[in-house]
$ cat entry36.cif   # mmCIF, C-alpha atoms and all ligand atoms
data_query
loop_
_atom_site.group_PDB
_atom_site.id
_atom_site.type_symbol
_atom_site.label_atom_id
_atom_site.label_comp_id
_atom_site.auth_asym_id
_atom_site.auth_seq_id
_atom_site.Cartn_x
_atom_site.Cartn_y
_atom_site.Cartn_z
ATOM 1 C CA MET A 200 7.491 -26.693 -13.086
ATOM 2 C CA VAL A 201 4.850 -24.919 -11.046
ATOM 3 C CA GLN A 202 1.419 -25.085 -12.612
ATOM 4 C CA TYR A 203 -0.611 -21.952 -12.920
ATOM 5 C CA SER A 204 -4.111 -21.124 -14.008
ATOM 6 C CA LYS A 205 -4.953 -21.318 -17.691
ATOM 7 C CA LYS A 206 -7.363 -18.421 -17.123
ATOM 8 C CA ILE A 207 -4.497 -15.911 -17.410
ATOM 9 C CA GLN A 208 -6.318 -13.935 -20.141
ATOM 10 C CA ALA A 209 -9.311 -13.434 -17.889
ATOM 11 C CA VAL A 210 -7.421 -12.021 -14.908
ATOM 12 C CA PRO A 211 -8.617 -8.457 -14.248
ATOM 13 C CA GLU A 212 -5.948 -5.739 -14.477
ATOM 14 C CA PRO A 213 -6.421 -4.529 -10.844
ATOM 15 C CA THR A 214 -5.680 -8.111 -9.728
ATOM 16 C CA ILE A 215 -2.528 -8.228 -11.882
ATOM 17 C CA ARG A 216 -1.453 -4.874 -10.403
ATOM 18 C CA ARG A 217 -1.806 -6.240 -6.843
ATOM 19 C CA MET A 218 0.059 -9.474 -7.544
ATOM 20 C CA PRO A 219 3.619 -8.035 -7.424
ATOM 21 C CA SER A 220 2.786 -6.672 -3.952
ATOM 22 C CA TYR A 221 1.513 -10.096 -2.819
ATOM 23 C CA LEU A 222 4.744 -11.554 -4.154
ATOM 24 C CA ALA A 223 6.958 -8.976 -2.414
ATOM 25 C CA PHE A 224 5.078 -9.529 0.874
ATOM 26 C CA ALA A 225 5.417 -13.325 0.604
ATOM 27 C CA GLU A 226 9.129 -13.044 -0.263
ATOM 28 C CA GLY A 227 9.621 -10.961 2.894
ATOM 29 C CA LEU A 228 7.775 -13.546 5.022
ATOM 30 C CA LEU A 229 9.822 -16.340 3.482
ATOM 31 C CA ARG A 230 13.053 -14.535 4.405
ATOM 32 C CA LYS A 231 11.778 -14.294 7.992
ATOM 33 C CA GLY A 232 11.057 -18.031 7.968
ATOM 34 C CA GLN A 233 7.244 -17.799 8.094
ATOM 35 C CA GLN A 234 5.662 -20.874 6.507
ATOM 36 C CA PHE A 235 1.990 -19.977 6.301
ATOM 37 C CA VAL A 236 0.047 -16.753 5.884
ATOM 38 C CA SER A 237 -3.674 -16.057 6.178
ATOM 39 C CA SER A 238 -5.731 -14.007 3.723
ATOM 40 C CA THR A 239 -6.423 -11.591 6.611
ATOM 41 C CA GLN A 240 -2.703 -11.045 7.170
ATOM 42 C CA ILE A 241 -2.186 -10.364 3.444
ATOM 43 C CA ALA A 242 -5.274 -8.133 3.390
ATOM 44 C CA ASN A 243 -3.988 -6.054 6.339
ATOM 45 C CA TYR A 244 -0.666 -5.543 4.576
ATOM 46 C CA MET A 245 -2.419 -4.543 1.338
ATOM 47 C CA ASN A 246 -5.108 -2.502 3.096
ATOM 48 C CA ILE A 247 -7.882 -4.340 1.236
ATOM 49 C CA ASP A 248 -10.636 -6.807 2.119
ATOM 50 C CA PRO A 249 -9.618 -10.472 2.763
ATOM 51 C CA THR A 250 -12.268 -11.633 0.262
ATOM 52 C CA GLN A 251 -10.431 -9.654 -2.424
ATOM 53 C CA VAL A 252 -7.199 -11.486 -1.555
ATOM 54 C CA THR A 253 -8.947 -14.856 -1.793
ATOM 55 C CA LYS A 254 -10.491 -13.851 -5.127
ATOM 56 C CA ASP A 255 -7.184 -12.574 -6.542
ATOM 57 C CA LEU A 256 -5.286 -15.719 -5.554
ATOM 58 C CA SER A 257 -8.067 -17.917 -6.971
ATOM 59 C CA TYR A 258 -6.857 -16.919 -10.458
ATOM 60 C CA THR A 259 -3.764 -19.004 -9.716
ATOM 61 C CA THR A 260 -3.366 -22.568 -8.455
ATOM 62 C CA ILE A 261 -2.544 -21.357 -4.939
ATOM 63 C CA VAL A 262 -4.978 -23.025 -2.531
ATOM 64 C CA GLY A 263 -5.430 -22.034 1.098
ATOM 65 C CA LYS A 264 -5.793 -24.583 3.887
ATOM 66 C CA THR A 265 -8.478 -24.160 6.527
ATOM 67 C CA ARG A 266 -7.151 -22.558 9.730
ATOM 68 C CA VAL A 267 -3.579 -22.573 8.366
ATOM 69 C CA GLY A 268 -3.808 -20.246 5.380
ATOM 70 C CA TYR A 269 -1.623 -20.184 2.308
ATOM 71 C CA GLU A 270 1.809 -21.740 2.092
ATOM 72 C CA VAL A 271 4.200 -18.786 1.729
ATOM 73 C CA LYS A 272 6.641 -20.672 -0.514
ATOM 74 C CA ALA A 273 3.776 -21.635 -2.854
ATOM 75 C CA ILE A 274 2.737 -17.969 -3.172
ATOM 76 C CA VAL A 275 6.313 -17.013 -4.092
ATOM 77 C CA ASP A 276 6.777 -19.857 -6.607
ATOM 78 C CA VAL A 277 3.362 -19.653 -8.238
ATOM 79 C CA LEU A 278 3.179 -15.856 -8.457
ATOM 80 C CA SER A 279 6.736 -15.551 -9.820
ATOM 81 C CA GLU A 280 5.817 -17.898 -12.620
ATOM 82 C CA PHE A 281 2.292 -16.554 -13.064
ATOM 83 C CA LEU A 282 3.579 -13.000 -13.511
ATOM 84 C CA GLY A 283 6.310 -14.131 -15.863
ATOM 85 C CA PHE A 284 9.010 -12.970 -13.435
ATOM 86 C CA SER A 285 10.725 -16.350 -13.427
ATOM 87 C CA VAL A 286 11.281 -16.176 -17.189
ATOM 88 C CA MET A 287 13.818 -13.680 -18.546
ATOM 89 C CA ASP A 288 12.617 -11.476 -21.421
ATOM 90 C CA ASN A 289 14.947 -9.237 -23.383
ATOM 91 C CA ALA A 290 14.519 -5.534 -24.026
ATOM 92 C CA PHE A 291 16.140 -2.633 -25.857
ATOM 93 C CA LEU A 292 16.153 0.800 -24.282
ATOM 94 C CA VAL A 293 16.164 3.903 -26.476
ATOM 95 C CA GLY A 294 17.265 7.174 -24.872
ATOM 96 C CA ALA A 295 20.169 6.630 -22.456
ATOM 97 C CA GLY A 296 19.779 10.004 -20.733
ATOM 98 C CA SER A 297 18.829 10.716 -17.164
ATOM 99 C CA LEU A 298 15.813 8.384 -16.848
ATOM 100 C CA GLY A 299 17.244 5.771 -19.252
ATOM 101 C CA SER A 300 20.443 5.540 -17.187
ATOM 102 C CA ALA A 301 18.437 5.199 -13.981
ATOM 103 C CA LEU A 302 16.510 2.273 -15.491
ATOM 104 C CA LEU A 303 19.751 0.691 -16.682
ATOM 105 C CA HIS A 304 20.974 0.833 -13.067
ATOM 106 C CA ASP A 305 17.782 -0.670 -11.652
ATOM 107 C CA SER A 306 18.527 -4.234 -10.540
ATOM 108 C CA GLY A 307 14.800 -4.692 -9.879
ATOM 109 C CA LEU A 308 14.086 -5.092 -13.600
ATOM 110 C CA ASN A 309 16.413 -8.092 -13.748
ATOM 111 C CA HIS A 310 14.889 -9.505 -10.588
ATOM 112 C CA PHE A 311 11.437 -9.229 -12.156
ATOM 113 C CA GLY A 312 12.479 -10.946 -15.386
ATOM 114 C CA LEU A 313 13.579 -8.171 -17.738
ATOM 115 C CA LYS A 314 17.082 -8.025 -19.180
ATOM 116 C CA ILE A 315 18.033 -4.875 -21.070
ATOM 117 C CA GLU A 316 20.326 -6.215 -23.798
ATOM 118 C CA ALA A 317 21.393 -2.894 -25.313
ATOM 119 C CA ALA A 318 20.704 0.821 -25.164
ATOM 120 C CA PHE A 319 20.529 3.332 -28.044
ATOM 121 C CA ASP A 320 21.016 7.056 -28.281
ATOM 122 C CA ILE A 321 21.947 9.803 -30.746
ATOM 123 C CA ASN A 322 24.244 11.740 -28.436
ATOM 124 C CA PRO A 323 27.903 11.128 -29.445
ATOM 125 C CA SER A 324 29.090 11.580 -25.856
ATOM 126 C CA THR A 325 26.850 8.706 -24.698
ATOM 127 C CA ILE A 326 27.358 6.298 -27.614
ATOM 128 C CA GLY A 327 30.047 3.669 -26.932
ATOM 129 C CA ARG A 328 29.713 4.020 -23.157
ATOM 130 C CA LYS A 329 28.625 1.182 -20.920
ATOM 131 C CA ILE A 330 25.992 1.950 -18.311
ATOM 132 C CA ASN A 331 25.862 -0.757 -15.662
ATOM 133 C CA ASP A 332 27.423 -3.151 -18.211
ATOM 134 C CA VAL A 333 24.880 -2.347 -20.927
ATOM 135 C CA GLU A 334 26.457 -0.875 -24.052
ATOM 136 C CA VAL A 335 24.992 2.255 -25.652
ATOM 137 C CA PHE A 336 24.843 2.073 -29.471
ATOM 138 C CA HIS A 337 23.905 4.658 -32.076
ATOM 139 C CA ILE A 338 20.217 4.374 -32.956
ATOM 140 C CA ASP A 339 21.207 3.493 -36.541
ATOM 141 C CA GLN A 340 22.451 0.142 -35.182
ATOM 142 C CA PHE A 341 18.999 -0.730 -33.826
ATOM 143 C CA ARG A 342 18.022 -2.616 -36.983
ATOM 144 C CA ASP A 343 21.091 -4.904 -37.027
ATOM 145 C CA LEU A 344 20.929 -5.686 -33.326
ATOM 146 C CA ALA A 345 17.160 -6.263 -33.415
ATOM 147 C CA GLN A 346 17.753 -8.897 -36.096
ATOM 148 C CA GLU A 347 20.616 -10.460 -34.148
ATOM 149 C CA LEU A 348 19.133 -10.567 -30.633
ATOM 150 C CA ASN A 349 15.799 -12.014 -29.622
ATOM 151 C CA VAL A 350 14.303 -8.851 -28.186
ATOM 152 C CA ILE A 351 10.562 -8.544 -27.657
ATOM 153 C CA MET A 352 10.254 -5.352 -25.631
ATOM 154 C CA GLY A 353 11.280 -1.771 -26.290
ATOM 155 C CA ILE A 354 11.654 0.861 -23.589
ATOM 156 C CA ILE A 355 11.284 4.477 -24.717
ATOM 157 C CA THR A 356 13.028 7.158 -22.653
ATOM 158 C CA VAL A 357 13.667 9.841 -25.284
ATOM 159 C CA PRO A 358 12.193 13.369 -25.288
ATOM 160 C CA ALA A 359 8.434 13.208 -25.960
ATOM 161 C CA GLU A 360 8.717 14.742 -29.443
ATOM 162 C CA ASN A 361 10.897 11.800 -30.603
ATOM 163 C CA ALA A 362 8.780 9.042 -29.060
ATOM 164 C CA GLN A 363 6.683 8.260 -32.164
ATOM 165 C CA THR A 364 9.748 7.946 -34.430
ATOM 166 C CA VAL A 365 11.327 5.540 -31.952
ATOM 167 C CA ALA A 366 8.057 3.565 -31.613
ATOM 168 C CA ASP A 367 7.813 3.256 -35.424
ATOM 169 C CA LEU A 368 11.377 1.943 -35.531
ATOM 170 C CA MET A 369 10.629 -0.600 -32.803
ATOM 171 C CA VAL A 370 7.498 -1.862 -34.564
ATOM 172 C CA ALA A 371 9.333 -2.096 -37.909
ATOM 173 C CA TRP A 372 11.983 -4.331 -36.351
ATOM 174 C CA GLY A 373 9.706 -6.782 -34.599
ATOM 175 C CA ILE A 374 9.284 -5.420 -31.073
ATOM 176 C CA LYS A 375 6.054 -6.850 -29.599
ATOM 177 C CA ALA A 376 5.654 -4.663 -26.499
ATOM 178 C CA ILE A 377 6.571 -1.053 -25.790
ATOM 179 C CA TRP A 378 7.083 0.446 -22.338
ATOM 180 C CA ASN A 379 6.677 4.149 -22.962
ATOM 181 C CA PHE A 380 8.031 6.429 -20.237
ATOM 182 C CA THR A 381 7.456 9.637 -22.194
ATOM 183 C CA PRO A 382 4.349 11.767 -21.785
ATOM 184 C CA ALA A 383 3.700 11.347 -25.548
ATOM 185 C CA ARG A 384 0.869 9.030 -26.617
ATOM 186 C CA ILE A 385 2.296 6.810 -29.340
ATOM 187 C CA LYS A 386 0.307 5.169 -32.135
ATOM 188 C CA VAL A 387 1.118 1.540 -32.969
ATOM 189 C CA PRO A 388 -0.683 -1.395 -34.669
ATOM 190 C CA ASP A 389 -3.336 -3.115 -32.524
ATOM 191 C CA ASP A 390 -1.249 -6.241 -31.927
ATOM 192 C CA ILE A 391 1.535 -4.280 -30.189
ATOM 193 C CA ILE A 392 1.281 -4.051 -26.406
ATOM 194 C CA VAL A 393 1.847 -0.539 -25.057
ATOM 195 C CA GLN A 394 2.204 0.407 -21.406
ATOM 196 C CA ASN A 395 2.554 4.096 -20.579
ATOM 197 C CA THR A 396 4.276 4.923 -17.304
ATOM 198 C CA THR A 397 4.538 8.439 -15.977
ATOM 199 C CA LEU A 398 5.661 9.538 -12.545
ATOM 200 C CA TYR A 399 4.085 12.876 -13.295
ATOM 201 C CA SER A 400 0.547 11.472 -13.529
ATOM 202 C CA ASN A 401 0.958 9.998 -10.055
ATOM 203 C CA LEU A 402 2.314 13.330 -8.827
ATOM 204 C CA ALA A 403 -0.681 15.104 -10.342
ATOM 205 C CA ILE A 404 -2.999 12.727 -8.449
ATOM 206 C CA ILE A 405 -1.142 13.383 -5.162
ATOM 207 C CA PHE A 406 -1.304 17.158 -5.691
ATOM 208 C CA ASN A 407 -4.950 16.956 -6.639
ATOM 209 C CA LYS A 408 -5.781 14.992 -3.470
ATOM 210 C CA LEU A 409 -3.637 17.294 -1.304
ATOM 211 C CA HIS A 410 -5.338 20.380 -2.634
ATOM 212 C CA GLN A 411 -8.760 18.777 -2.430
ATOM 213 C CA ASP A 412 -8.139 18.029 1.268
ATOM 214 C CA LYS A 413 -7.054 21.651 1.767
ATOM 215 C CA ARG A 414 -10.212 22.874 0.027
ATOM 216 C CA GLU A 415 -12.327 20.696 2.313
ATOM 217 C CA GLU A 416 -10.625 22.012 5.517
HETATM 218 N N1 LIG B 501 7.891 8.156 -16.824
HETATM 219 C C1 LIG B 501 8.403 8.947 -15.918
HETATM 220 O O1 LIG B 501 8.039 8.841 -14.780
HETATM 221 C C2 LIG B 501 9.418 9.943 -16.355
HETATM 222 C C3 LIG B 501 10.295 10.524 -15.457
HETATM 223 C C4 LIG B 501 11.261 11.368 -15.960
HETATM 224 C C5 LIG B 501 11.303 11.626 -17.333
HETATM 225 N N2 LIG B 501 10.394 11.080 -18.159
HETATM 226 C C6 LIG B 501 10.397 11.251 -19.613
HETATM 227 O O2 LIG B 501 11.440 10.421 -20.114
HETATM 228 C C7 LIG B 501 12.014 11.029 -21.245
HETATM 229 C C8 LIG B 501 13.508 11.216 -21.015
HETATM 230 O O3 LIG B 501 13.721 12.097 -19.938
HETATM 231 P P1 LIG B 501 15.190 12.367 -19.429
HETATM 232 O O4 LIG B 501 15.063 13.267 -18.262
HETATM 233 O O5 LIG B 501 15.897 11.071 -19.258
HETATM 234 O O6 LIG B 501 15.815 13.174 -20.681
HETATM 235 P P2 LIG B 501 17.327 13.239 -21.139
HETATM 236 O O7 LIG B 501 17.413 14.423 -22.041
HETATM 237 O O8 LIG B 501 18.253 13.143 -19.978
HETATM 238 O O9 LIG B 501 17.503 11.912 -22.009
HETATM 239 C C9 LIG B 501 16.940 11.723 -23.276
HETATM 240 C C10 LIG B 501 17.935 10.943 -24.101
HETATM 241 O O10 LIG B 501 17.321 10.584 -25.326
HETATM 242 C C11 LIG B 501 18.277 10.745 -26.357
HETATM 243 N N3 LIG B 501 17.547 10.883 -27.624
HETATM 244 C C12 LIG B 501 16.863 11.927 -28.110
HETATM 245 N N4 LIG B 501 16.297 11.629 -29.287
HETATM 246 C C13 LIG B 501 16.644 10.349 -29.558
HETATM 247 C C14 LIG B 501 16.359 9.470 -30.647
HETATM 248 N N5 LIG B 501 15.606 9.829 -31.675
HETATM 249 N N6 LIG B 501 16.854 8.216 -30.600
HETATM 250 C C15 LIG B 501 17.649 7.832 -29.572
HETATM 251 N N7 LIG B 501 17.949 8.625 -28.525
HETATM 252 C C16 LIG B 501 17.437 9.871 -28.508
HETATM 253 C C17 LIG B 501 19.073 11.987 -25.943
HETATM 254 O O11 LIG B 501 20.317 12.058 -26.588
HETATM 255 C C18 LIG B 501 19.195 11.752 -24.453
HETATM 256 O O12 LIG B 501 20.356 11.015 -24.114
HETATM 257 C C19 LIG B 501 11.249 12.344 -21.463
HETATM 258 O O13 LIG B 501 10.231 12.106 -22.402
HETATM 259 C C20 LIG B 501 10.677 12.641 -20.098
HETATM 260 O O14 LIG B 501 9.495 13.416 -20.165
HETATM 261 C C21 LIG B 501 9.479 10.232 -17.698
#
$ encode --input "entry36.cif" --output "structure tokens"
Amino acid sequence: MVQYSKKIQAVPEPTIRRMPSYLAFAEGLLRKGQQFVSSTQIANYMNIDPTQVTKDLSYTTIVGKTRVGYEVKAIVDVLSEFLGFSVMDNAFLVGAGSLGSALLHDSGLNHFGLKIEAAFDINPSTIGRKINDVEVFHIDQFRDLAQELNVIMGIITVPAENAQTVADLMVAWGIKAIWNFTPARIKVPDDIIVQNTTLYSNLAIIFNKLHQDKREE
């Protein structure tokens, strides 16, 4: 097993956010047969300073060699394990509508270590269907399946007004982390991990920058 740093708790969030990009870059180099990569090469790809790359990778056991750089295979192996992508965690998805279905079709989640075991909905025309081999159950079956399957993460893709009810259900049945795709801000006990993801916030930032540039012209 690849060893990784025990300092995982202390890794800053911006570093964690960059790590999947380091991994994707290294995987690409590996496919092309490149054995070593310098911090400058990684930094150019990421558009950041090489010292930042060195600092980020120092949170892992990856060590660079003078004049040669980092071993590409080591970056792939260590980062996959470090980020938890080499271990498969199970999730339930609630809300098998437009966005929920898209996530169920995303093979990237599996690649990065997340297996969606089952989906839940309240719409009779969706319940009983399989979306990319994942069965959609009525939300009332959440409790039984949560007890049966070892699921630690819940993905919420219901309309915003139903997000809190779904979050409460997830917490009640032992879900430890919630990936909330709705614009609603859910309230959960302190020990539950919540990550909010919204395309629309990113769009707002793009628009804001676009319009700012126009204002400055
Ligand atoms: N994070 C993002 O970038 C992003 C992008 C698009 C949409 N969204 C958000 O994702 C959510 C879903 O959007 P959509 O376009 O897929 O909507 P949708 O209407 O296509 O799908 C919502 C699904 O949730 C189901 N549902 C409603 N209440 C439920 C409940 N209590 N329990 C179980 N299932 C329930 C509906 O039957 C439906 O199938 C919305 O909150 C939307 O704002 C987020």
$ resolve_selection --input "entry36.cif" --expression "the PyMOL selection byres (((not hetatm)) within 10 of (chain B and resi 501))" --output "NGL selection string"
:A and (292-302 or 318-326 or 335-339 or 341 or 355-366 or 368 or 378-383 or 395-402)
$ residues_around --input "entry36.cif" --residues "Ser285 in chain A" --least-positions-apart "2" --cutoff "10 Å" --atoms "all atoms listed in the file" --output "list of chain:residue names"
A:Asp276, A:Val277, A:Leu278, A:Ser279, A:Glu280, A:Phe281, A:Leu282, A:Gly283, A:Met287, A:Asp288, A:His310, A:Phe311, A:Gly312, A:Leu313
$ write_last_selection --input "entry36.cif" --atoms "C-alpha atoms" --output "mmCIF file, keeping the file's coordinate frame"
data_model
loop_
_atom_site.group_PDB
_atom_site.id
_atom_site.type_symbol
_atom_site.label_atom_id
_atom_site.label_comp_id
_atom_site.auth_asym_id
_atom_site.auth_seq_id
_atom_site.Cartn_x
_atom_site.Cartn_y
_atom_site.Cartn_z
ATOM 1 C CA ASP A 276 6.777 -19.857 -6.607
ATOM 2 C CA VAL A 277 3.362 -19.653 -8.238
ATOM 3 C CA LEU A 278 3.179 -15.856 -8.457
ATOM 4 C CA SER A 279 6.736 -15.551 -9.820
ATOM 5 C CA GLU A 280 5.817 -17.898 -12.620
ATOM 6 C CA PHE A 281 2.292 -16.554 -13.064
ATOM 7 C CA LEU A 282 3.579 -13.000 -13.511
ATOM 8 C CA GLY A 283 6.310 -14.131 -15.863
ATOM 9 C CA MET A 287 13.818 -13.680 -18.546
ATOM 10 C CA ASP A 288 12.617 -11.476 -21.421
ATOM 11 C CA HIS A 310 14.889 -9.505 -10.588
ATOM 12 C CA PHE A 311 11.437 -9.229 -12.156
ATOM 13 C CA GLY A 312 12.479 -10.946 -15.386
ATOM 14 C CA LEU A 313 13.579 -8.171 -17.738
#
$ resolve_selection --input "entry36.cif" --expression "the PyMOL selection byres (((chain A and resi 344-353) around 8) and not hetatm)" --output "ChimeraX atom specification"
/A:288-293,316,340-343,354-355,369,372-378
$ residues_around --input "entry36.cif" --residues "range 241-257 of chain A" --least-positions-apart "6" --cutoff "12 Å" --atoms "only C-alpha atoms" --output "number ranges by chain"
A: 203-207, 209-225, 227-228, 235, 263-264, 268-269, 271, 273-275, 277-278, 281
$ closest_residue --input "entry36.cif" --among "A:Val286, A:Ile405, A:Leu308, A:Leu303" --to "Glu334 in chain A" --atoms "all atoms listed in the file"
A:Leu303
